Amino acid sequence: MMYTLYLDRDSFLHKLDPRVKIIGSFLGIIAFILFNSPSLLFVLFLTIILALVLIGKIHIREIFTVLKPLIPIAIVAMVIWPFILKPWYFGLFIGAGYGIRLLSVALLTLGLIMTTSQKDLVLGFIRMGMPYEIGLTLTIALRYIPTLYMLTQTIMDAQKSRGLELEKGNFFQRARNTVPVLIPLIVASIKTAHELSIALESRAFGASKRRTFLYDIKMEMKDYMSFGVLIALFLLTLYVRYCLEIGYTKLF
Amino acid sequence: MIEVKNLWHVYNGKKVAIRGVDLTIGNEIVALVGPNGSGKTTLAKHLNGLLKPTKGNVVVDGMDTREYSVAELARVVGYVFQNPENMFFEENVFKEVSFGPKNLGLSEDEVETRVKWALKETNLEGYEDRSPYSLSGGEKQRLAIACILAMKPKYIILDEPTTGLDEKNAGAIKRIIRKLYSEGHGILLITHEMDLVLELAERVVLLYEGKKLFDGAIKEFFDLDLRTYDLDRPRLLDISERLGMGFLRDINDFINSLGMIP
């Protein structure tokens, strides 16, 4: 069972300040949107994979596992273009770029999640100005995914013991068969949320406007350096795209 | 007869939960005891096919659980889960109890007869139109039993049926269990409440780290050094033994015998 995509490793990327990683992914996504030449996008795509493997200690197999579900969508994005853009081989060429762009943007986001623990990720967002309440909500939501998964299994077992057959019948029957599982699950979720809110309030949640953190993140030399490198790379991207006008074909 | 033969269960190819357990259950009240994580629930889930053996066999009245679905086995083995709320989803008690028998494909008349009978057995007559969620803890537990009972299984597994209930409600559950036993059901009681074991069970099966360490009569079970298995010996036994009253299973027997002490 995979509860989370995070892979606990001891690598440069893992130790990097989450804020740098968040901004890095964001700039990366912008870079991918700036270009539409497939060869250039492909090189950028390989660069990200290489970065994740070399400085993130993520196995190439693990990258493939998280990207696998998106491959069909990437292929659809690719084969749709020849219908819009003529001649067809040019459409396919541009379509390939779009497919790679889709996978790359996904990989940037997934790479961030794979190398940053939930705790660090939320803290990074809060330190960048996200209100603490939203950060906490996010943490709680993520924290309860495995719990609810286990609860769903228990409820399914209980209903199967009453003769419920989840896999039986056509699509509509199957949809209806989920009702005996969904209702106890929703009731339990609402109850848990209610109890949690009481627990939070009884521990004086929101009593003070300014919070302190037991565990905090701090920008170190390597973080500033990495941030500098990211900005430099991004500026280079802008230079290549707008001054040298490479890597973008005007389509319409 | 439920027959478990050399059962092994491994979760996700990693965690070994059951290590070669042999067990038979007939028309009797068997208590399945053991500390948390000893494999009680894993073993019980094999009896109605929720889990299939990694190695070994589970045969229920001649049916190998590998070859039958949980729904098919539900006619023979009923499983009352620990938290009753995990199964309630209908708007009223009557509909809730009829869910099981309807799944068995019974006629409407038969479903109604069974629901009425199950509600009577669990003293829930008159609750038909109440919402399951509006019931008290003890009533919810009784409703959970009624839901399973309406499918008329020969064997009934009860997972911690009295946990969290007060004396009065726990007493009601105990009476229901005794009654079901006297009507010919085989009962498997999963619990770590030793008082409940002492009061109800004739036979005890002790699981520890996935192995069956003891299987025998209740009297011999309480001769074991239970603390080794993180279980408590009921105080009633200690006191009655020290007073030379022998093996007393009920606090009322104890009180009655007090009168005989000069």
# chains A, B, ... in the order shown; residues from 1 in each chain; ligands from 1
$ residues_around --residues "range 63-67 of chain A" --least-positions-apart "2" --cutoff "9 Å" --atoms "only C-alpha atoms" --output "list in words"
Leu5, Ile49, Leu52, Val53, Ile58, His59, Ile60, Arg61, Pro69, Leu70, Ile71, Leu103, Ala106, Leu107, Leu110 and Gly111 of chain A
$ write_last_selection --atoms "N, CA, C and O atoms" --output "PDB file, in the first residue's frame"
ATOM      1  N   LEU A   5       3.615   9.614  -1.780  1.00  0.00           N
ATOM      2  CA  LEU A   5       4.629   9.472  -2.813  1.00  0.00           C
ATOM      3  C   LEU A   5       6.024   9.761  -2.271  1.00  0.00           C
ATOM      4  O   LEU A   5       7.018   9.502  -2.926  1.00  0.00           O
ATOM      5  N   ILE A  49      14.804  14.564 -15.088  1.00  0.00           N
ATOM      6  CA  ILE A  49      14.989  13.170 -14.671  1.00  0.00           C
ATOM      7  C   ILE A  49      16.390  12.979 -14.101  1.00  0.00           C
ATOM      8  O   ILE A  49      16.581  12.404 -13.024  1.00  0.00           O
ATOM      9  N   LEU A  52      16.712  14.523 -10.682  1.00  0.00           N
ATOM     10  CA  LEU A  52      16.057  13.707  -9.655  1.00  0.00           C
ATOM     11  C   LEU A  52      16.896  12.481  -9.332  1.00  0.00           C
ATOM     12  O   LEU A  52      17.011  12.079  -8.176  1.00  0.00           O
ATOM     13  N   VAL A  53      17.500  11.877 -10.356  1.00  0.00           N
ATOM     14  CA  VAL A  53      18.288  10.666 -10.136  1.00  0.00           C
ATOM     15  C   VAL A  53      19.601  11.000  -9.429  1.00  0.00           C
ATOM     16  O   VAL A  53      19.969  10.355  -8.444  1.00  0.00           O
ATOM     17  N   ILE A  58      16.540   9.440  -6.537  1.00  0.00           N
ATOM     18  CA  ILE A  58      15.297   8.776  -6.914  1.00  0.00           C
ATOM     19  C   ILE A  58      15.645   7.804  -8.039  1.00  0.00           C
ATOM     20  O   ILE A  58      16.352   8.167  -8.979  1.00  0.00           O
ATOM     21  N   HIS A  59      15.165   6.589  -7.920  1.00  0.00           N
ATOM     22  CA  HIS A  59      15.468   5.581  -8.924  1.00  0.00           C
ATOM     23  C   HIS A  59      14.668   5.847 -10.200  1.00  0.00           C
ATOM     24  O   HIS A  59      13.539   6.300 -10.132  1.00  0.00           O
ATOM     25  N   ILE A  60      15.276   5.562 -11.335  1.00  0.00           N
ATOM     26  CA  ILE A  60      14.604   5.808 -12.611  1.00  0.00           C
ATOM     27  C   ILE A  60      13.300   5.008 -12.702  1.00  0.00           C
ATOM     28  O   ILE A  60      12.307   5.446 -13.256  1.00  0.00           O
ATOM     29  N   ARG A  61      13.300   3.827 -12.071  1.00  0.00           N
ATOM     30  CA  ARG A  61      12.125   2.968 -12.052  1.00  0.00           C
ATOM     31  C   ARG A  61      10.984   3.647 -11.282  1.00  0.00           C
ATOM     32  O   ARG A  61       9.822   3.567 -11.657  1.00  0.00           O
ATOM     33  N   PRO A  69       0.773   6.353 -15.114  1.00  0.00           N
ATOM     34  CA  PRO A  69      -0.656   6.632 -15.329  1.00  0.00           C
ATOM     35  C   PRO A  69      -0.902   7.806 -16.274  1.00  0.00           C
ATOM     36  O   PRO A  69      -1.994   7.932 -16.818  1.00  0.00           O
ATOM     37  N   LEU A  70       0.106   8.675 -16.470  1.00  0.00           N
ATOM     38  CA  LEU A  70      -0.100   9.872 -17.302  1.00  0.00           C
ATOM     39  C   LEU A  70       0.248   9.639 -18.765  1.00  0.00           C
ATOM     40  O   LEU A  70      -0.094  10.447 -19.622  1.00  0.00           O
ATOM     41  N   ILE A  71       0.942   8.529 -19.024  1.00  0.00           N
ATOM     42  CA  ILE A  71       1.400   8.285 -20.389  1.00  0.00           C
ATOM     43  C   ILE A  71       0.239   8.242 -21.400  1.00  0.00           C
ATOM     44  O   ILE A  71       0.315   8.883 -22.448  1.00  0.00           O
ATOM     45  N   LEU A 103       4.091  15.641 -19.401  1.00  0.00           N
ATOM     46  CA  LEU A 103       4.814  14.743 -18.505  1.00  0.00           C
ATOM     47  C   LEU A 103       5.805  15.519 -17.641  1.00  0.00           C
ATOM     48  O   LEU A 103       5.982  15.229 -16.453  1.00  0.00           O
ATOM     49  N   ALA A 106       4.090  17.433 -14.835  1.00  0.00           N
ATOM     50  CA  ALA A 106       3.704  16.459 -13.812  1.00  0.00           C
ATOM     51  C   ALA A 106       4.926  16.011 -13.021  1.00  0.00           C
ATOM     52  O   ALA A 106       4.893  15.926 -11.793  1.00  0.00           O
ATOM     53  N   LEU A 107       6.019  15.766 -13.735  1.00  0.00           N
ATOM     54  CA  LEU A 107       7.218  15.266 -13.068  1.00  0.00           C
ATOM     55  C   LEU A 107       7.798  16.303 -12.109  1.00  0.00           C
ATOM     56  O   LEU A 107       8.290  15.958 -11.040  1.00  0.00           O
ATOM     57  N   LEU A 110       5.503  16.107  -9.102  1.00  0.00           N
ATOM     58  CA  LEU A 110       5.689  14.834  -8.410  1.00  0.00           C
ATOM     59  C   LEU A 110       7.072  14.751  -7.788  1.00  0.00           C
ATOM     60  O   LEU A 110       7.234  14.246  -6.678  1.00  0.00           O
ATOM     61  N   GLY A 111       8.068  15.287  -8.503  1.00  0.00           N
ATOM     62  CA  GLY A 111       9.427  15.287  -7.980  1.00  0.00           C
ATOM     63  C   GLY A 111       9.509  16.060  -6.673  1.00  0.00           C
ATOM     64  O   GLY A 111      10.185  15.644  -5.727  1.00  0.00           O
TER      65      GLY A 111
END
$ residues_around --residues "Ser182 in chain B" --least-positions-apart "5" --cutoff "10 Å" --atoms "only C-alpha atoms" --output "ChimeraX atom specification"
/B:27-29,176-177
$ write_last_selection --atoms "N, CA, C and O atoms" --output "PDB file, in the first residue's frame"
ATOM      1  N   ASN B  27     -20.567 -26.846  17.548  1.00  0.00           N
ATOM      2  CA  ASN B  27     -21.616 -26.128  18.256  1.00  0.00           C
ATOM      3  C   ASN B  27     -21.185 -25.917  19.705  1.00  0.00           C
ATOM      4  O   ASN B  27     -21.475 -26.731  20.582  1.00  0.00           O
ATOM      5  N   GLU B  28     -20.460 -24.829  19.925  1.00  0.00           N
ATOM      6  CA  GLU B  28     -19.901 -24.559  21.255  1.00  0.00           C
ATOM      7  C   GLU B  28     -19.572 -23.074  21.336  1.00  0.00           C
ATOM      8  O   GLU B  28     -19.594 -22.378  20.338  1.00  0.00           O
ATOM      9  N   ILE B  29     -19.296 -22.610  22.554  1.00  0.00           N
ATOM     10  CA  ILE B  29     -18.812 -21.240  22.690  1.00  0.00           C
ATOM     11  C   ILE B  29     -17.306 -21.292  22.891  1.00  0.00           C
ATOM     12  O   ILE B  29     -16.826 -21.797  23.903  1.00  0.00           O
ATOM     13  N   ILE B 176     -27.838 -12.848  25.203  1.00  0.00           N
ATOM     14  CA  ILE B 176     -28.111 -13.178  23.800  1.00  0.00           C
ATOM     15  C   ILE B 176     -27.155 -14.263  23.320  1.00  0.00           C
ATOM     16  O   ILE B 176     -27.558 -15.236  22.668  1.00  0.00           O
ATOM     17  N   ILE B 177     -25.878 -14.129  23.683  1.00  0.00           N
ATOM     18  CA  ILE B 177     -24.889 -15.121  23.245  1.00  0.00           C
ATOM     19  C   ILE B 177     -25.235 -16.508  23.786  1.00  0.00           C
ATOM     20  O   ILE B 177     -25.233 -17.509  23.061  1.00  0.00           O
TER      21      ILE B 177
END
$ interface_residues --of "chain B" --to "chain A" --cutoff "9 Å" --atoms "only C-alpha atoms" --output "mmCIF file with N, CA and C atoms, in the first residue's frame"
data_model
loop_
_atom_site.group_PDB
_atom_site.id
_atom_site.type_symbol
_atom_site.label_atom_id
_atom_site.label_comp_id
_atom_site.auth_asym_id
_atom_site.auth_seq_id
_atom_site.Cartn_x
_atom_site.Cartn_y
_atom_site.Cartn_z
ATOM 1 N N ASN B 12 0.972 -9.059 2.521
ATOM 2 C CA ASN B 12 1.828 -8.401 1.516
ATOM 3 C C ASN B 12 3.169 -9.096 1.327
ATOM 4 N N LYS B 45 -10.987 -13.649 10.349
ATOM 5 C CA LYS B 45 -11.363 -13.229 8.999
ATOM 6 C C LYS B 45 -11.218 -14.354 7.976
ATOM 7 N N ASN B 48 -14.791 -16.683 7.497
ATOM 8 C CA ASN B 48 -15.878 -16.388 6.556
ATOM 9 C C ASN B 48 -15.332 -15.925 5.211
ATOM 10 N N GLY B 49 -14.060 -16.202 4.976
ATOM 11 C CA GLY B 49 -13.501 -15.976 3.649
ATOM 12 C C GLY B 49 -13.054 -14.553 3.360
ATOM 13 N N LEU B 50 -13.104 -13.646 4.344
ATOM 14 C CA LEU B 50 -12.624 -12.281 4.099
ATOM 15 C C LEU B 50 -11.147 -12.304 3.759
ATOM 16 N N SER B 69 -17.241 -17.368 -2.274
ATOM 17 C CA SER B 69 -17.144 -15.936 -1.989
ATOM 18 C C SER B 69 -17.600 -15.675 -0.555
ATOM 19 N N VAL B 70 -17.275 -14.477 -0.059
ATOM 20 C CA VAL B 70 -17.698 -14.108 1.288
ATOM 21 C C VAL B 70 -19.224 -14.135 1.374
ATOM 22 N N ALA B 71 -19.884 -13.664 0.317
ATOM 23 C CA ALA B 71 -21.347 -13.626 0.303
ATOM 24 C C ALA B 71 -21.926 -15.037 0.431
ATOM 25 N N GLU B 72 -21.308 -16.004 -0.227
ATOM 26 C CA GLU B 72 -21.798 -17.387 -0.140
ATOM 27 C C GLU B 72 -21.564 -17.954 1.257
ATOM 28 N N LEU B 73 -20.398 -17.616 1.813
ATOM 29 C CA LEU B 73 -20.078 -18.142 3.136
ATOM 30 C C LEU B 73 -20.897 -17.464 4.236
ATOM 31 N N ALA B 74 -21.432 -16.257 3.919
ATOM 32 C CA ALA B 74 -22.195 -15.497 4.920
ATOM 33 C C ALA B 74 -23.441 -16.258 5.380
ATOM 34 N N ARG B 75 -23.934 -17.171 4.548
ATOM 35 C CA ARG B 75 -25.090 -17.986 4.947
ATOM 36 C C ARG B 75 -24.749 -18.917 6.107
ATOM 37 N N VAL B 77 -21.461 -18.609 8.029
ATOM 38 C CA VAL B 77 -20.652 -17.968 9.065
ATOM 39 C C VAL B 77 -20.993 -16.481 9.129
ATOM 40 N N GLY B 78 -21.485 -16.045 10.264
ATOM 41 C CA GLY B 78 -21.776 -14.620 10.459
ATOM 42 C C GLY B 78 -20.646 -13.964 11.217
ATOM 43 N N TYR B 79 -20.319 -12.734 10.835
ATOM 44 C CA TYR B 79 -19.211 -12.041 11.488
ATOM 45 C C TYR B 79 -19.728 -10.692 11.993
ATOM 46 N N VAL B 80 -19.786 -10.514 13.312
ATOM 47 C CA VAL B 80 -20.210 -9.238 13.887
ATOM 48 C C VAL B 80 -18.958 -8.431 14.194
ATOM 49 N N PHE B 81 -18.781 -7.341 13.450
ATOM 50 C CA PHE B 81 -17.562 -6.539 13.613
ATOM 51 C C PHE B 81 -17.576 -5.743 14.905
ATOM 52 N N GLU B 85 -21.108 0.827 14.172
ATOM 53 C CA GLU B 85 -21.389 1.950 13.276
ATOM 54 C C GLU B 85 -20.757 1.775 11.901
ATOM 55 N N ASN B 86 -19.754 0.923 11.818
ATOM 56 C CA ASN B 86 -19.116 0.703 10.524
ATOM 57 C C ASN B 86 -20.013 -0.032 9.542
ATOM 58 N N MET B 87 -21.179 -0.490 9.994
ATOM 59 C CA MET B 87 -22.035 -1.190 9.041
ATOM 60 C C MET B 87 -23.395 -0.539 8.841
ATOM 61 N N PHE B 88 -23.741 0.473 9.631
ATOM 62 C CA PHE B 88 -25.080 1.057 9.494
ATOM 63 C C PHE B 88 -25.142 2.060 8.350
ATOM 64 N N PHE B 89 -26.141 1.910 7.502
ATOM 65 C CA PHE B 89 -26.291 2.889 6.411
ATOM 66 C C PHE B 89 -27.754 3.119 6.045
ATOM 67 N N GLU B 90 -28.671 2.320 6.591
ATOM 68 C CA GLU B 90 -30.075 2.477 6.216
ATOM 69 C C GLU B 90 -30.758 3.502 7.117
ATOM 70 N N PHE B 99 -31.084 -5.883 5.157
ATOM 71 C CA PHE B 99 -30.032 -5.822 4.122
ATOM 72 C C PHE B 99 -29.379 -7.184 3.884
ATOM 73 N N GLY B 100 -28.982 -7.851 4.959
ATOM 74 C CA GLY B 100 -28.319 -9.151 4.839
ATOM 75 C C GLY B 100 -29.194 -10.197 4.160
ATOM 76 N N PRO B 101 -30.395 -10.469 4.728
ATOM 77 C CA PRO B 101 -31.257 -11.474 4.109
ATOM 78 C C PRO B 101 -31.611 -11.143 2.659
ATOM 79 N N LYS B 102 -31.756 -9.856 2.331
ATOM 80 C CA LYS B 102 -32.047 -9.484 0.940
ATOM 81 C C LYS B 102 -30.888 -9.874 0.031
ATOM 82 N N ASN B 103 -29.664 -9.659 0.527
ATOM 83 C CA ASN B 103 -28.489 -10.031 -0.265
ATOM 84 C C ASN B 103 -28.444 -11.528 -0.530
ATOM 85 N N LEU B 104 -29.060 -12.301 0.370
ATOM 86 C CA LEU B 104 -29.068 -13.757 0.177
ATOM 87 C C LEU B 104 -30.114 -14.162 -0.854
ATOM 88 N N CYS B 147 -28.423 -7.879 12.676
ATOM 89 C CA CYS B 147 -28.149 -7.811 11.240
ATOM 90 C C CYS B 147 -27.532 -9.117 10.740
ATOM 91 N N ILE B 148 -26.637 -9.681 11.541
ATOM 92 C CA ILE B 148 -25.969 -10.919 11.156
ATOM 93 C C ILE B 148 -26.909 -12.105 11.391
ATOM 94 N N MET B 151 -29.428 -13.445 8.834
ATOM 95 C CA MET B 151 -28.975 -14.310 7.744
ATOM 96 C C MET B 151 -28.925 -15.771 8.197
#
$ atom_distance --atom1 "CA of Ala144 in chain B" --atom2 "CA of Met150 in chain A"
20.3 Å
$ residues_around --residues "range 128-142 of chain A" --least-positions-apart "6" --cutoff "10 Å" --atoms "only C-alpha atoms" --output "list in words"
Tyr3, Thr4, Pro18, Arg19, Ile22, Ile23, Gln118, Lys119, Leu121, Val122, Ala193, Leu196, Phe205, Gly206, Arg210 and Arg211 of chain A
$ residues_around --residues "Ile84 in chain A" --least-positions-apart "6" --cutoff "12 Å" --atoms "only C-alpha atoms" --output "ChimeraX atom specification"
/A:77-78,90-92,94-95,251-252
$ closest_residue --among "B:Val97, B:Leu119, B:Leu206, B:Leu165" --to "Ser136 in chain B" --atoms "only C-alpha atoms"
B:Leu165
$ atom_distance --atom1 "CA of Leu149 in chain B" --atom2 "CA of Val111 in chain B"
11.9 Å
$ select_by_dssp --residues "range 39-211 of chain A" --states "alpha helix (DSSP H)" --output "number ranges by chain"
A: 39-56, 60-67, 71-84, 88-115, 118-127, 132-160, 171-177, 179-202
$ closest_residue --among "B:Phe254, B:Ile145, B:Val59, B:His192" --to "Glu241 in chain B" --atoms "only C-alpha atoms"
B:Phe254
$ residues_around --residues "Ala17 in chain B" --least-positions-apart "2" --cutoff "8 Å" --atoms "only C-alpha atoms" --output "list of chain:residue names"
B:Trp8, B:His9, B:Val10, B:Tyr11, B:Lys15, B:Arg19, B:Ser38, B:Gly39, B:Thr42, B:Glu209, B:Gly210
$ residues_around --residues "Phe45 in chain A" --least-positions-apart "3" --cutoff "9 Å" --atoms "only C-alpha atoms" --output "short mmCIF file (atom, residue, chain, number, x, y, z; two decimals) with N, CA and C atoms, in the first residue's frame"
data_model
loop_
_atom_site.label_atom_id
_atom_site.label_comp_id
_atom_site.auth_asym_id
_atom_site.auth_seq_id
_atom_site.Cartn_x
_atom_site.Cartn_y
_atom_site.Cartn_z
N PHE A 32 8.69 25.34 -19.03
CA PHE A 32 8.13 24.36 -19.97
C PHE A 32 7.01 24.97 -20.80
N LEU A 40 13.76 20.55 -27.78
CA LEU A 40 14.22 21.32 -26.63
C LEU A 40 13.51 20.87 -25.35
N LEU A 41 12.20 20.64 -25.47
CA LEU A 41 11.43 20.18 -24.30
C LEU A 41 11.95 18.83 -23.83
N PHE A 42 12.32 17.98 -24.81
CA PHE A 42 12.80 16.66 -24.46
C PHE A 42 14.10 16.75 -23.67
N ILE A 48 15.50 17.12 -16.00
CA ILE A 48 14.80 16.96 -14.73
C ILE A 48 14.97 15.54 -14.20
N ILE A 49 14.80 14.56 -15.09
CA ILE A 49 14.99 13.17 -14.67
C ILE A 49 16.39 12.98 -14.10
N LEU A 50 17.37 13.54 -14.84
CA LEU A 50 18.77 13.42 -14.42
C LEU A 50 18.97 14.05 -13.04
N ILE A 100 5.32 15.77 -24.12
CA ILE A 100 6.48 15.85 -23.24
C ILE A 100 6.26 16.94 -22.19
N ARG A 101 5.66 18.06 -22.63
CA ARG A 101 5.41 19.17 -21.71
C ARG A 101 4.51 18.71 -20.56
N LEU A 103 4.09 15.64 -19.40
CA LEU A 103 4.81 14.74 -18.50
C LEU A 103 5.81 15.52 -17.64
N SER A 104 6.43 16.53 -18.24
CA SER A 104 7.44 17.29 -17.50
C SER A 104 6.83 18.07 -16.36
N LEU A 107 6.02 15.77 -13.73
CA LEU A 107 7.22 15.27 -13.07
C LEU A 107 7.80 16.30 -12.11
#
$ closest_residue --among "B:Ile156, B:Ile18, B:Leu135, B:Ala150" --to "Trp117 in chain B" --atoms "only C-alpha atoms"
B:Ala150
$ select_by_dssp --residues "range 26-222 of chain B" --states "strand (DSSP E)" --output "VMD selection string"
chain B and resid 29 to 33 55 to 60 63 to 64 77 to 80 155 to 159 186 to 190 203 to 208 211 to 217
$ write_last_selection --atoms "N, CA and C atoms" --output "compact mmCIF listing (two decimals), in the first residue's frame"
# COMPACT_ATOMS: atom_id res chain seq x y z
N ILE B 29 -19.30 -22.61 22.55
CA ILE B 29 -18.81 -21.24 22.69
C ILE B 29 -17.31 -21.29 22.89
N VAL B 30 -16.58 -20.86 21.88
CA VAL B 30 -15.13 -20.86 21.96
C VAL B 30 -14.65 -19.42 22.10
N ALA B 31 -13.79 -19.18 23.08
CA ALA B 31 -13.21 -17.85 23.20
C ALA B 31 -11.86 -17.85 22.52
N LEU B 32 -11.64 -16.88 21.64
CA LEU B 32 -10.35 -16.72 20.98
C LEU B 32 -9.66 -15.56 21.66
N VAL B 33 -8.63 -15.85 22.42
CA VAL B 33 -7.98 -14.79 23.20
C VAL B 33 -6.52 -14.64 22.81
N LYS B 55 -1.25 -20.34 3.17
CA LYS B 55 -0.94 -21.77 3.13
C LYS B 55 -1.94 -22.46 4.06
N GLY B 56 -2.27 -23.71 3.77
CA GLY B 56 -3.21 -24.43 4.61
C GLY B 56 -4.63 -24.27 4.10
N ASN B 57 -5.60 -24.77 4.87
CA ASN B 57 -6.99 -24.76 4.43
C ASN B 57 -7.93 -24.35 5.54
N VAL B 58 -9.03 -23.72 5.14
CA VAL B 58 -10.14 -23.48 6.05
C VAL B 58 -11.38 -24.07 5.39
N VAL B 59 -12.00 -25.02 6.07
CA VAL B 59 -13.16 -25.69 5.50
C VAL B 59 -14.35 -25.49 6.42
N VAL B 60 -15.43 -24.89 5.89
CA VAL B 60 -16.62 -24.62 6.68
C VAL B 60 -17.76 -25.52 6.19
N MET B 63 -17.17 -26.74 2.87
CA MET B 63 -16.83 -25.77 1.83
C MET B 63 -15.44 -25.20 2.09
N ASP B 64 -14.55 -25.38 1.12
CA ASP B 64 -13.22 -24.76 1.24
C ASP B 64 -13.39 -23.26 0.96
N VAL B 77 -21.46 -18.61 8.03
CA VAL B 77 -20.65 -17.97 9.07
C VAL B 77 -20.99 -16.48 9.13
N GLY B 78 -21.49 -16.04 10.26
CA GLY B 78 -21.78 -14.62 10.46
C GLY B 78 -20.65 -13.96 11.22
N TYR B 79 -20.32 -12.73 10.84
CA TYR B 79 -19.21 -12.04 11.49
C TYR B 79 -19.73 -10.69 11.99
N VAL B 80 -19.79 -10.51 13.31
CA VAL B 80 -20.21 -9.24 13.89
C VAL B 80 -18.96 -8.43 14.19
N TYR B 155 -22.73 -20.50 12.36
CA TYR B 155 -21.65 -20.06 13.25
C TYR B 155 -21.63 -18.54 13.30
N ILE B 156 -21.38 -18.01 14.48
CA ILE B 156 -21.34 -16.56 14.63
C ILE B 156 -20.03 -16.15 15.29
N ILE B 157 -19.32 -15.24 14.62
CA ILE B 157 -18.08 -14.69 15.19
C ILE B 157 -18.42 -13.33 15.78
N LEU B 158 -18.05 -13.11 17.02
CA LEU B 158 -18.30 -11.82 17.65
C LEU B 158 -16.97 -11.21 18.07
N ASP B 159 -16.66 -10.03 17.50
CA ASP B 159 -15.39 -9.38 17.81
C ASP B 159 -15.61 -8.36 18.92
N GLY B 186 -22.84 -22.22 16.72
CA GLY B 186 -21.47 -22.25 17.20
C GLY B 186 -21.00 -20.81 17.35
N ILE B 187 -20.38 -20.49 18.48
CA ILE B 187 -20.01 -19.10 18.74
C ILE B 187 -18.50 -18.98 18.90
N LEU B 188 -17.91 -18.04 18.17
CA LEU B 188 -16.50 -17.73 18.39
C LEU B 188 -16.42 -16.31 18.93
N LEU B 189 -15.89 -16.21 20.13
CA LEU B 189 -15.85 -14.94 20.84
C LEU B 189 -14.42 -14.42 20.81
N ILE B 190 -14.21 -13.30 20.10
CA ILE B 190 -12.86 -12.72 20.09
C ILE B 190 -12.82 -11.67 21.19
N ARG B 203 -14.61 -23.39 26.08
CA ARG B 203 -13.30 -23.75 25.55
C ARG B 203 -12.57 -22.46 25.18
N VAL B 204 -11.27 -22.45 25.37
CA VAL B 204 -10.49 -21.26 25.07
C VAL B 204 -9.35 -21.61 24.13
N VAL B 205 -9.15 -20.74 23.12
CA VAL B 205 -8.01 -20.88 22.23
C VAL B 205 -7.14 -19.65 22.43
N LEU B 206 -5.88 -19.89 22.76
CA LEU B 206 -4.97 -18.78 23.02
C LEU B 206 -4.02 -18.61 21.85
N LEU B 207 -4.04 -17.43 21.27
CA LEU B 207 -3.10 -17.11 20.18
C LEU B 207 -2.03 -16.19 20.73
N TYR B 208 -0.81 -16.43 20.32
CA TYR B 208 0.28 -15.55 20.73
C TYR B 208 1.27 -15.50 19.59
N LYS B 211 0.75 -17.94 16.77
CA LYS B 211 0.75 -19.38 17.03
C LYS B 211 -0.32 -19.74 18.05
N LYS B 212 -0.86 -20.95 17.93
CA LYS B 212 -1.83 -21.40 18.92
C LYS B 212 -1.06 -22.03 20.07
N LEU B 213 -1.12 -21.39 21.23
CA LEU B 213 -0.35 -21.88 22.36
C LEU B 213 -1.18 -22.74 23.30
N PHE B 214 -2.49 -22.56 23.25
CA PHE B 214 -3.34 -23.35 24.12
C PHE B 214 -4.70 -23.54 23.45
N ASP B 215 -5.26 -24.72 23.62
CA ASP B 215 -6.60 -25.00 23.12
C ASP B 215 -7.19 -26.04 24.05
N GLY B 216 -8.12 -25.62 24.90
CA GLY B 216 -8.66 -26.60 25.82
C GLY B 216 -9.74 -26.03 26.71
N ALA B 217 -10.09 -26.79 27.72
CA ALA B 217 -11.19 -26.40 28.60
C ALA B 217 -10.83 -25.16 29.40
$ decode --residues "range 115-124 of chain A" --atoms "N, CA and C atoms" --output "CSV table (one decimal), in the first residue's frame"
chain,number,residue,atom,x,y,z
A,115,THR,N,10.5,14.2,-3.0
A,115,THR,CA,11.7,14.6,-2.3
A,115,THR,C,11.4,15.5,-1.1
A,116,THR,N,10.2,15.8,-0.8
A,116,THR,CA,9.8,16.7,0.3
A,116,THR,C,8.8,16.0,1.2
A,117,SER,N,9.1,15.9,2.5
A,117,SER,CA,8.1,15.3,3.4
A,117,SER,C,6.9,16.2,3.5
A,118,GLN,N,5.7,15.7,3.9
A,118,GLN,CA,4.5,16.5,4.0
A,118,GLN,C,4.8,17.6,5.0
A,119,LYS,N,5.4,17.3,6.1
A,119,LYS,CA,5.7,18.3,7.1
A,119,LYS,C,6.5,19.5,6.5
A,120,ASP,N,7.5,19.2,5.8
A,120,ASP,CA,8.4,20.2,5.2
A,120,ASP,C,7.6,21.0,4.2
A,121,LEU,N,6.8,20.3,3.4
A,121,LEU,CA,6.1,20.9,2.3
A,121,LEU,C,5.1,22.0,2.8
A,122,VAL,N,4.4,21.6,3.8
A,122,VAL,CA,3.4,22.5,4.4
A,122,VAL,C,4.1,23.7,5.1
A,123,LEU,N,5.1,23.3,5.8
A,123,LEU,CA,5.9,24.4,6.5
A,123,LEU,C,6.5,25.4,5.5
A,124,GLY,N,6.9,24.8,4.3
A,124,GLY,CA,7.4,25.7,3.3
A,124,GLY,C,6.4,26.7,2.8
